[in-house]
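Here is the file start08.cif (mmCIF, C-alpha atoms and all ligand atoms).
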data_work
loop_
_atom_site.label_atom_id
_atom_site.label_comp_id
_atom_site.auth_asym_id
_atom_site.auth_seq_id
_atom_site.Cartn_x
_atom_site.Cartn_y
_atom_site.Cartn_z
CA MET A 1 0.00 0.00 0.00
CA ASN A 2 1.44 3.40 -0.95
CA SER A 3 1.97 6.00 1.77
CA LYS A 4 -0.75 8.35 0.45
CA LEU A 5 -3.34 5.58 0.63
CA LYS A 6 -2.07 4.43 4.01
CA ARG A 7 -2.47 7.97 5.42
CA PHE A 8 -5.92 8.32 3.90
CA ILE A 9 -7.16 4.98 5.22
CA SER A 10 -5.85 5.60 8.72
CA GLN A 11 -7.46 9.06 8.78
CA TYR A 12 -10.73 8.00 7.11
CA PRO A 13 -11.16 4.26 7.69
CA PRO A 14 -13.96 2.48 5.82
CA HIS A 15 -16.97 1.58 7.94
CA ALA A 16 -20.08 -0.55 7.41
CA ILE A 17 -22.99 1.40 5.93
CA GLU A 18 -25.25 3.15 8.44
CA GLU A 19 -28.59 4.90 8.21
CA SER A 20 -26.78 8.24 8.57
CA ASP A 21 -24.85 7.53 5.33
CA ILE A 22 -27.94 7.06 3.16
CA ALA A 23 -28.66 10.66 2.14
CA ASP A 24 -24.99 11.34 1.33
CA LEU A 25 -24.71 8.08 -0.58
CA ALA A 26 -27.65 8.92 -2.81
CA VAL A 27 -26.05 12.28 -3.70
CA PHE A 28 -22.64 10.66 -4.25
CA ASP A 29 -24.13 7.91 -6.42
CA LYS A 30 -26.07 10.37 -8.54
CA LEU A 31 -22.91 12.40 -9.15
CA ILE A 32 -21.03 9.33 -10.34
CA PHE A 33 -23.63 7.11 -11.99
CA ALA A 34 -26.24 9.73 -13.06
CA GLU A 35 -29.29 7.89 -14.44
CA ASP A 36 -27.99 4.51 -13.30
CA SER A 37 -27.60 5.57 -9.66
CA PHE A 38 -29.46 4.20 -6.62
CA ASP A 39 -31.75 6.72 -4.93
CA GLU A 40 -32.19 7.18 -1.18
CA GLN A 41 -35.19 4.85 -1.01
CA PHE A 42 -33.37 2.09 -2.85
CA TRP A 43 -30.26 2.40 -0.66
CA ARG A 44 -32.42 2.20 2.46
CA ASN A 45 -34.99 -0.45 1.51
CA ASP A 46 -33.14 -2.68 -0.90
CA ILE A 47 -29.56 -2.28 0.24
CA LEU A 48 -29.32 -1.34 3.92
CA ASN A 49 -32.24 -3.61 4.85
CA ASN A 50 -31.94 -6.03 1.94
CA PRO A 51 -34.66 -8.68 2.26
CA LYS A 52 -33.03 -10.88 -0.39
CA GLY A 53 -29.42 -11.13 0.67
CA THR A 54 -26.65 -10.20 3.06
CA GLU A 55 -25.01 -6.94 2.17
CA ILE A 56 -21.35 -6.19 2.60
CA ILE A 57 -21.06 -2.47 2.21
CA ARG A 58 -18.14 -0.33 3.10
CA VAL A 59 -18.32 3.42 2.98
CA ASN A 60 -15.39 5.70 3.29
CA LYS A 61 -16.16 9.22 4.51
CA GLY A 62 -13.49 11.77 3.63
CA PRO A 63 -13.30 15.41 4.71
CA GLU A 64 -16.01 16.47 2.21
CA GLY A 65 -18.42 13.58 2.59
CA ILE A 66 -18.43 10.17 0.93
CA ALA A 67 -15.09 9.41 -0.73
CA ALA A 68 -15.67 5.78 -1.61
CA CYS A 69 -18.30 3.10 -1.49
CA VAL A 70 -18.29 -0.56 -2.40
CA GLN A 71 -21.36 -2.74 -2.23
CA GLY A 72 -21.25 -6.53 -2.30
CA VAL A 73 -24.12 -8.88 -1.65
CA ILE A 74 -24.49 -12.60 -1.02
CA LYS A 75 -27.35 -14.04 -3.03
CA THR A 76 -28.91 -17.47 -3.38
CA SER A 77 -29.16 -18.96 -6.85
CA LYS A 78 -31.98 -21.18 -8.14
CA ASP A 79 -30.04 -24.32 -7.19
CA THR A 80 -29.77 -22.83 -3.63
CA SER A 81 -26.00 -22.35 -3.81
CA GLN A 82 -24.72 -18.99 -2.66
CA TYR A 83 -22.91 -16.55 -4.89
CA GLY A 84 -21.55 -13.05 -4.42
CA GLU A 85 -22.23 -9.96 -6.49
CA VAL A 86 -20.42 -6.66 -6.50
CA GLY A 87 -23.33 -4.31 -7.13
CA SER A 88 -21.45 -1.08 -7.14
CA ILE A 89 -18.08 0.49 -6.48
CA ALA A 90 -17.22 4.15 -6.76
CA ILE A 91 -14.45 6.46 -5.71
CA ALA A 92 -14.95 10.25 -5.67
CA LYS A 93 -12.97 11.91 -8.49
CA GLU A 94 -10.48 13.66 -6.20
CA TYR A 95 -9.44 10.35 -4.58
CA ARG A 96 -8.99 8.24 -7.70
CA GLY A 97 -5.65 6.87 -8.83
CA MET A 98 -4.11 6.36 -5.39
CA GLY A 99 -5.18 2.75 -4.98
CA LEU A 100 -8.37 3.36 -2.98
CA GLY A 101 -10.57 1.59 -5.56
CA THR A 102 -8.32 -1.48 -5.55
CA TYR A 103 -8.23 -1.44 -1.74
CA MET A 104 -12.02 -1.26 -1.36
CA PHE A 105 -12.68 -3.75 -4.16
CA ASP A 106 -10.18 -6.31 -2.87
CA ARG A 107 -11.59 -6.13 0.68
CA CYS A 108 -15.12 -6.62 -0.64
CA ILE A 109 -14.12 -9.64 -2.74
CA GLU A 110 -12.24 -11.16 0.17
CA ARG A 111 -15.28 -10.75 2.44
CA LEU A 112 -17.51 -12.41 -0.16
CA LEU A 113 -15.07 -15.29 -0.64
CA ARG A 114 -14.86 -15.85 3.11
CA GLN A 115 -18.59 -16.72 2.97
CA HIS A 116 -17.66 -19.66 0.69
CA VAL A 117 -19.68 -18.39 -2.27
CA SER A 118 -19.41 -20.54 -5.40
CA TYR A 119 -18.56 -17.52 -7.58
CA VAL A 120 -18.62 -13.72 -7.58
CA VAL A 121 -20.22 -11.81 -10.42
CA MET A 122 -20.22 -8.15 -11.42
CA GLN A 123 -21.23 -5.99 -14.36
CA THR A 124 -19.16 -3.19 -15.78
CA HIS A 125 -19.42 -0.80 -18.71
CA ILE A 126 -17.68 -2.15 -21.83
CA LYS A 127 -15.53 1.02 -21.95
CA ASN A 128 -14.61 1.02 -18.24
CA SER A 129 -10.94 0.06 -18.57
CA PRO A 130 -9.87 0.86 -14.98
CA MET A 131 -12.65 -1.31 -13.55
CA GLN A 132 -11.97 -4.17 -15.96
CA TYR A 133 -8.26 -3.93 -15.18
CA MET A 134 -8.95 -4.07 -11.42
CA ALA A 135 -11.31 -7.03 -11.82
CA LYS A 136 -8.86 -8.96 -14.03
CA GLN A 137 -6.09 -8.35 -11.50
CA LYS A 138 -8.31 -10.08 -8.94
CA GLY A 139 -8.97 -13.05 -11.25
CA PHE A 140 -12.29 -12.07 -12.86
CA VAL A 141 -12.88 -13.01 -16.49
CA ILE A 142 -15.45 -11.60 -18.92
CA SER A 143 -18.26 -14.15 -19.22
CA ARG A 144 -20.68 -12.35 -21.58
CA THR A 145 -21.87 -9.03 -22.95
CA LEU A 146 -25.12 -7.63 -21.56
CA THR A 147 -26.77 -5.62 -24.31
CA ASN A 148 -28.49 -2.36 -23.29
CA TYR A 149 -27.70 -2.97 -19.61
CA TYR A 150 -27.37 0.74 -18.74
CA LYS A 151 -30.00 3.44 -19.19
CA SER A 152 -28.03 5.95 -21.27
CA GLY A 153 -25.02 6.51 -23.54
CA ILE A 154 -23.21 3.40 -24.70
CA ARG A 155 -25.43 0.98 -22.82
CA ASP A 156 -23.67 -2.36 -23.05
CA ALA A 157 -21.93 -3.99 -20.10
CA TYR A 158 -19.65 -6.93 -19.59
CA GLU A 159 -20.56 -9.49 -17.00
CA MET A 160 -17.39 -10.58 -15.23
CA VAL A 161 -17.07 -13.66 -13.05
CA LEU A 162 -14.58 -14.85 -10.48
CA ILE A 163 -14.55 -18.53 -9.60
CA PRO A 164 -12.59 -19.19 -6.41
CA ALA A 165 -9.64 -21.53 -6.74
CA ALA A 166 -10.45 -25.02 -5.44
CA LYS A 167 -8.75 -25.82 -2.12
CA PRO A 168 -6.45 -28.87 -2.13
CA VAL A 169 -8.14 -31.93 -0.58
CA GLY A 170 -7.51 -32.07 3.16
CA SER A 171 -6.70 -28.37 3.61
C1 LIG B 201 -13.08 2.37 -11.37
C2 LIG B 201 -12.69 3.10 -10.07
C3 LIG B 201 -13.49 2.49 -8.92
C4 LIG B 201 -11.20 2.91 -9.83
O1 LIG B 201 -10.87 3.51 -8.59
P1 LIG B 201 -9.41 4.12 -8.29
O2 LIG B 201 -9.31 4.39 -6.85
O3 LIG B 201 -9.12 5.25 -9.19
O4 LIG B 201 -8.49 2.87 -8.70
P2 LIG B 201 -6.98 2.59 -8.31
O5 LIG B 201 -6.28 3.85 -7.96
O6 LIG B 201 -6.98 1.50 -7.32
O7 LIG B 201 -6.42 2.08 -9.71
C5 LIG B 201 -6.88 0.88 -10.27
C6 LIG B 201 -5.96 0.38 -11.36
O8 LIG B 201 -6.51 0.77 -12.61
C7 LIG B 201 -5.44 1.22 -13.43
N1 LIG B 201 -6.00 2.12 -14.44
C8 LIG B 201 -6.36 3.40 -14.27
N2 LIG B 201 -6.85 3.89 -15.44
C9 LIG B 201 -6.79 2.86 -16.31
C10 LIG B 201 -7.15 2.71 -17.67
N3 LIG B 201 -7.72 3.72 -18.37
N4 LIG B 201 -6.96 1.52 -18.29
C11 LIG B 201 -6.43 0.47 -17.59
N5 LIG B 201 -6.08 0.56 -16.30
C12 LIG B 201 -6.25 1.74 -15.67
C13 LIG B 201 -4.50 1.89 -12.48
O9 LIG B 201 -3.20 2.00 -13.05
C14 LIG B 201 -4.53 0.93 -11.32
O10 LIG B 201 -3.68 -0.18 -11.55
P3 LIG B 201 -2.26 -0.33 -10.78
O11 LIG B 201 -2.62 -0.42 -9.32
O12 LIG B 201 -1.70 -1.59 -11.33
O13 LIG B 201 -1.51 0.90 -11.14
C15 LIG B 201 -12.94 4.64 -10.19
O14 LIG B 201 -12.34 5.10 -11.37
C16 LIG B 201 -14.40 5.03 -10.19
O15 LIG B 201 -15.01 5.22 -9.14
N6 LIG B 201 -14.98 5.21 -11.38
C17 LIG B 201 -16.37 5.65 -11.52
C18 LIG B 201 -17.35 4.62 -11.04
C19 LIG B 201 -17.17 3.31 -11.73
O16 LIG B 201 -16.93 3.25 -12.94
N7 LIG B 201 -17.34 2.22 -10.97
C20 LIG B 201 -17.30 0.88 -11.48
C21 LIG B 201 -18.68 0.42 -11.80
S1 LIG B 201 -18.69 -1.30 -12.24
#
What is this file in structure tokens?
Ligand SMILES: CC(C)(COP(=O)(O)OP(=O)(O)OC[C@H]1O[C@@H](n2cnc3c(N)ncnc32)[C@H](O)[C@@H]1OP(=O)(O)O)[C@@H](O)C(=O)NCCC(=O)NCCS
Amino acid sequence: MNSKLKRFISQYPPHAIEESDIADLAVFDKLIFAEDSFDEQFWRNDILNNPKGTEIIRVNKGPEGIAACVQGVIKTSKDTSQYGEVGSIAIAKEYRGMGLGTYMFDRCIERLLRQHVSYVVMQTHIKNSPMQYMAKQKGFVISRTLTNYYKSGIRDAYEMVLIPAAKPVGS
């Protein structure tokens, strides 16, 4: 971890999402994802109190409000096995490029994998090179293209999947 990131994390450590983060998160999300953002009601009802899965959300509050947010969820598939999904990750513009995205993303993936999920899935814009790079570094591969996934602009996304390495027998 570089010294800038180390300083930032020790000053503004990530915490689990709280009710008091919701209003700020909705504003932050709108700024970054525009039409594809989650509004306050969605963050509260479908994310904070998710009836369908266990949420792993880390929020990082910097000096001017939310600096970073990563949202992972554990879901149950039709065959009742559990899988993880990274629903959203965003770093405020002024804090990008110092490793914060990688730090938050890696922690989220590690938390999901600790729950013994059979795979982790995420969707990312086909032009989002930094996100695809980060995901590939972690072992994700592109599994398919999702046509018209987003609401505006170039709307296609890649679905990316990480399948955990099998543990040697007896370990
Ligand atoms: C994608 C995002 C989360 C990355 O966060 P970040 O804090 O800037 O990322 P990091 O500083 O950890 O850098 C990630 C890596 O991407 C690399 N990278 C940056 N721009 C890149 C580009 N255009 N192409 C390829 N790799 C790139 C960096 O070099 C770094 O790799 P390194 O550690 O080997 O040097 C951030 O840009 C963001 O919030 N974007 C807007 C929201 C978004 O797109 N979220 C993803 C939705 S699926």
Output as a Markdown table one row per residue of chain A within 7 Å of ligand LIG 201 (chain B): the closest atom pair and its distance in Å to one decimal place, counting only C-alpha atoms and all ligand atoms, sorted by chain and residue number ascending.
| residue | atom | partner | partner_atom | distance |
| --- | --- | --- | --- | --- |
| A:Ile32 | CA | B:LIG201 | C18 | 6.0 |
| A:Phe33 | CA | B:LIG201 | C18 | 6.8 |
| A:Ser88 | CA | B:LIG201 | C21 | 5.6 |
| A:Ile89 | CA | B:LIG201 | N7 | 4.9 |
| A:Ala90 | CA | B:LIG201 | O15 | 3.4 |
| A:Ile91 | CA | B:LIG201 | O15 | 3.7 |
| A:Ala92 | CA | B:LIG201 | O15 | 6.1 |
| A:Tyr95 | CA | B:LIG201 | O2 | 6.4 |
| A:Arg96 | CA | B:LIG201 | O3 | 3.3 |
| A:Gly97 | CA | B:LIG201 | O5 | 3.2 |
| A:Met98 | CA | B:LIG201 | O5 | 4.2 |
| A:Gly99 | CA | B:LIG201 | O6 | 3.2 |
| A:Leu100 | CA | B:LIG201 | O2 | 4.1 |
| A:Gly101 | CA | B:LIG201 | O2 | 3.3 |
| A:Thr102 | CA | B:LIG201 | O6 | 3.7 |
| A:Tyr103 | CA | B:LIG201 | O6 | 6.4 |
| A:Gln123 | CA | B:LIG201 | S1 | 5.7 |
| A:Thr124 | CA | B:LIG201 | S1 | 4.0 |
| A:His125 | CA | B:LIG201 | S1 | 6.5 |
| A:Asn128 | CA | B:LIG201 | O16 | 6.2 |
| A:Ser129 | CA | B:LIG201 | N4 | 4.2 |
| A:Pro130 | CA | B:LIG201 | C12 | 3.8 |
| A:Met131 | CA | B:LIG201 | C1 | 4.3 |
| A:Tyr133 | CA | B:LIG201 | N5 | 5.1 |
| A:Met134 | CA | B:LIG201 | C6 | 5.4 |
Give me the residues of stretch 76-123 of chain A that have any atom at most 10 Å from an atom of stretch 43-60 of chain A; for each, the nearest atom pair and the distance in Å, rounded to one decimal. Use all atoms listed in the file, sort by chain and number, and format it as CSV.
residue,atom,partner,partner_atom,distance
A:Thr76,CA,A:Gly53,CA,7.5
A:Gln82,CA,A:Gly53,CA,9.7
A:Gly84,CA,A:Thr54,CA,9.5
A:Glu85,CA,A:Glu55,CA,9.6
A:Val86,CA,A:Ile56,CA,9.2
A:Gly87,CA,A:Ile57,CA,9.8
A:Ser88,CA,A:Ile57,CA,9.5
A:Ile89,CA,A:Arg58,CA,9.6
A:Ala90,CA,A:Val59,CA,9.8
A:Ile91,CA,A:Asn60,CA,9.1
A:Leu100,CA,A:Asn60,CA,9.7
A:Met104,CA,A:Arg58,CA,7.6
A:Phe105,CA,A:Arg58,CA,9.7
A:Arg107,CA,A:Arg58,CA,9.1
A:Cys108,CA,A:Ile56,CA,7.0
A:Ile109,CA,A:Ile56,CA,9.6
A:Arg111,CA,A:Ile56,CA,7.6
A:Leu112,CA,A:Ile56,CA,7.8
Go ahead and save the picked residues with C-alpha atoms, as a PDB file, in the frame of the given file.
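Dumped to again_23.pdb:
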ATOM      1  CA  THR A  76     -28.910 -17.470  -3.380  1.00  0.00           C
ATOM      2  CA  GLN A  82     -24.720 -18.990  -2.660  1.00  0.00           C
ATOM      3  CA  GLY A  84     -21.550 -13.050  -4.420  1.00  0.00           C
ATOM      4  CA  GLU A  85     -22.230  -9.960  -6.490  1.00  0.00           C
ATOM      5  CA  VAL A  86     -20.420  -6.660  -6.500  1.00  0.00           C
ATOM      6  CA  GLY A  87     -23.330  -4.310  -7.130  1.00  0.00           C
ATOM      7  CA  SER A  88     -21.450  -1.080  -7.140  1.00  0.00           C
ATOM      8  CA  ILE A  89     -18.080   0.490  -6.480  1.00  0.00           C
ATOM      9  CA  ALA A  90     -17.220   4.150  -6.760  1.00  0.00           C
ATOM     10  CA  ILE A  91     -14.450   6.460  -5.710  1.00  0.00           C
ATOM     11  CA  LEU A 100      -8.370   3.360  -2.980  1.00  0.00           C
ATOM     12  CA  MET A 104     -12.020  -1.260  -1.360  1.00  0.00           C
ATOM     13  CA  PHE A 105     -12.680  -3.750  -4.160  1.00  0.00           C
ATOM     14  CA  ARG A 107     -11.590  -6.130   0.680  1.00  0.00           C
ATOM     15  CA  CYS A 108     -15.120  -6.620  -0.640  1.00  0.00           C
ATOM     16  CA  ILE A 109     -14.120  -9.640  -2.740  1.00  0.00           C
ATOM     17  CA  ARG A 111     -15.280 -10.750   2.440  1.00  0.00           C
ATOM     18  CA  LEU A 112     -17.510 -12.410  -0.160  1.00  0.00           C
TER      19      LEU A 112
END
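Here atom CA of A:Glu159 and atom CA of A:Arg144 stand 5.4 Å from one another.
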Do you have the atom CA of A:Ser152-atom CA of A:Ser37 distance handy? 11.6 Å
Rounded to one decimal, what separation in Å do you get between atom CA of A:Gln137 and atom CA of A:Ala166? 18.3 Å
Can you put N, CA and C atoms back into stretch 136-158 of chain A and show it as a tab-separated table (two decimals), in the frame of the given file?
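selection.tsv, freshly written:
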chain	number	residue	atom	x	y	z
A	136	LYS	N	-9.74	-7.92	-13.48
A	136	LYS	CA	-8.86	-8.96	-14.03
A	136	LYS	C	-7.69	-9.24	-13.10
A	137	GLN	N	-7.19	-8.17	-12.46
A	137	GLN	CA	-6.09	-8.35	-11.50
A	137	GLN	C	-6.51	-9.31	-10.38
A	138	LYS	N	-7.78	-9.26	-10.04
A	138	LYS	CA	-8.31	-10.08	-8.94
A	138	LYS	C	-8.69	-11.48	-9.42
A	139	GLY	N	-8.67	-11.71	-10.73
A	139	GLY	CA	-8.97	-13.05	-11.25
A	139	GLY	C	-10.30	-13.16	-11.98
A	140	PHE	N	-11.02	-12.03	-12.12
A	140	PHE	CA	-12.29	-12.07	-12.86
A	140	PHE	C	-12.01	-12.25	-14.35
A	141	VAL	N	-12.94	-12.92	-15.03
A	141	VAL	CA	-12.88	-13.01	-16.49
A	141	VAL	C	-14.23	-12.54	-17.05
A	142	ILE	N	-14.19	-12.04	-18.29
A	142	ILE	CA	-15.45	-11.60	-18.92
A	142	ILE	C	-16.23	-12.86	-19.31
A	143	SER	N	-17.49	-12.95	-18.89
A	143	SER	CA	-18.26	-14.15	-19.22
A	143	SER	C	-19.25	-13.89	-20.35
A	144	ARG	N	-19.77	-12.66	-20.46
A	144	ARG	CA	-20.68	-12.35	-21.58
A	144	ARG	C	-20.92	-10.84	-21.66
A	145	THR	N	-21.50	-10.44	-22.78
A	145	THR	CA	-21.87	-9.03	-22.95
A	145	THR	C	-23.36	-8.90	-22.66
A	146	LEU	N	-23.71	-7.88	-21.87
A	146	LEU	CA	-25.12	-7.63	-21.56
A	146	LEU	C	-25.57	-6.42	-22.38
A	147	THR	N	-26.36	-6.68	-23.38
A	147	THR	CA	-26.77	-5.62	-24.31
A	147	THR	C	-27.79	-4.69	-23.64
A	148	ASN	N	-27.58	-3.38	-23.84
A	148	ASN	CA	-28.49	-2.36	-23.29
A	148	ASN	C	-28.69	-2.48	-21.78
A	149	TYR	N	-27.63	-2.78	-21.07
A	149	TYR	CA	-27.70	-2.97	-19.61
A	149	TYR	C	-27.92	-1.63	-18.89
A	150	TYR	N	-27.25	-0.58	-19.39
A	150	TYR	CA	-27.37	0.74	-18.74
A	150	TYR	C	-28.47	1.56	-19.41
A	151	LYS	N	-28.85	2.68	-18.71
A	151	LYS	CA	-30.00	3.44	-19.19
A	151	LYS	C	-29.64	4.46	-20.26
A	152	SER	N	-28.35	4.90	-20.30
A	152	SER	CA	-28.03	5.95	-21.27
A	152	SER	C	-26.63	5.77	-21.86
A	153	GLY	N	-26.34	6.55	-22.91
A	153	GLY	CA	-25.02	6.51	-23.54
A	153	GLY	C	-24.78	5.17	-24.22
A	154	ILE	N	-23.52	4.75	-24.21
A	154	ILE	CA	-23.21	3.40	-24.70
A	154	ILE	C	-23.71	2.46	-23.60
A	155	ARG	N	-24.69	1.64	-23.91
A	155	ARG	CA	-25.43	0.98	-22.82
A	155	ARG	C	-24.99	-0.43	-22.50
A	156	ASP	N	-24.05	-0.95	-23.27
A	156	ASP	CA	-23.67	-2.36	-23.05
A	156	ASP	C	-22.70	-2.52	-21.88
A	157	ALA	N	-22.81	-3.67	-21.24
A	157	ALA	CA	-21.93	-3.99	-20.10
A	157	ALA	C	-21.30	-5.35	-20.33
A	158	TYR	N	-20.19	-5.58	-19.67
A	158	TYR	CA	-19.65	-6.93	-19.59
A	158	TYR	C	-20.06	-7.50	-18.24
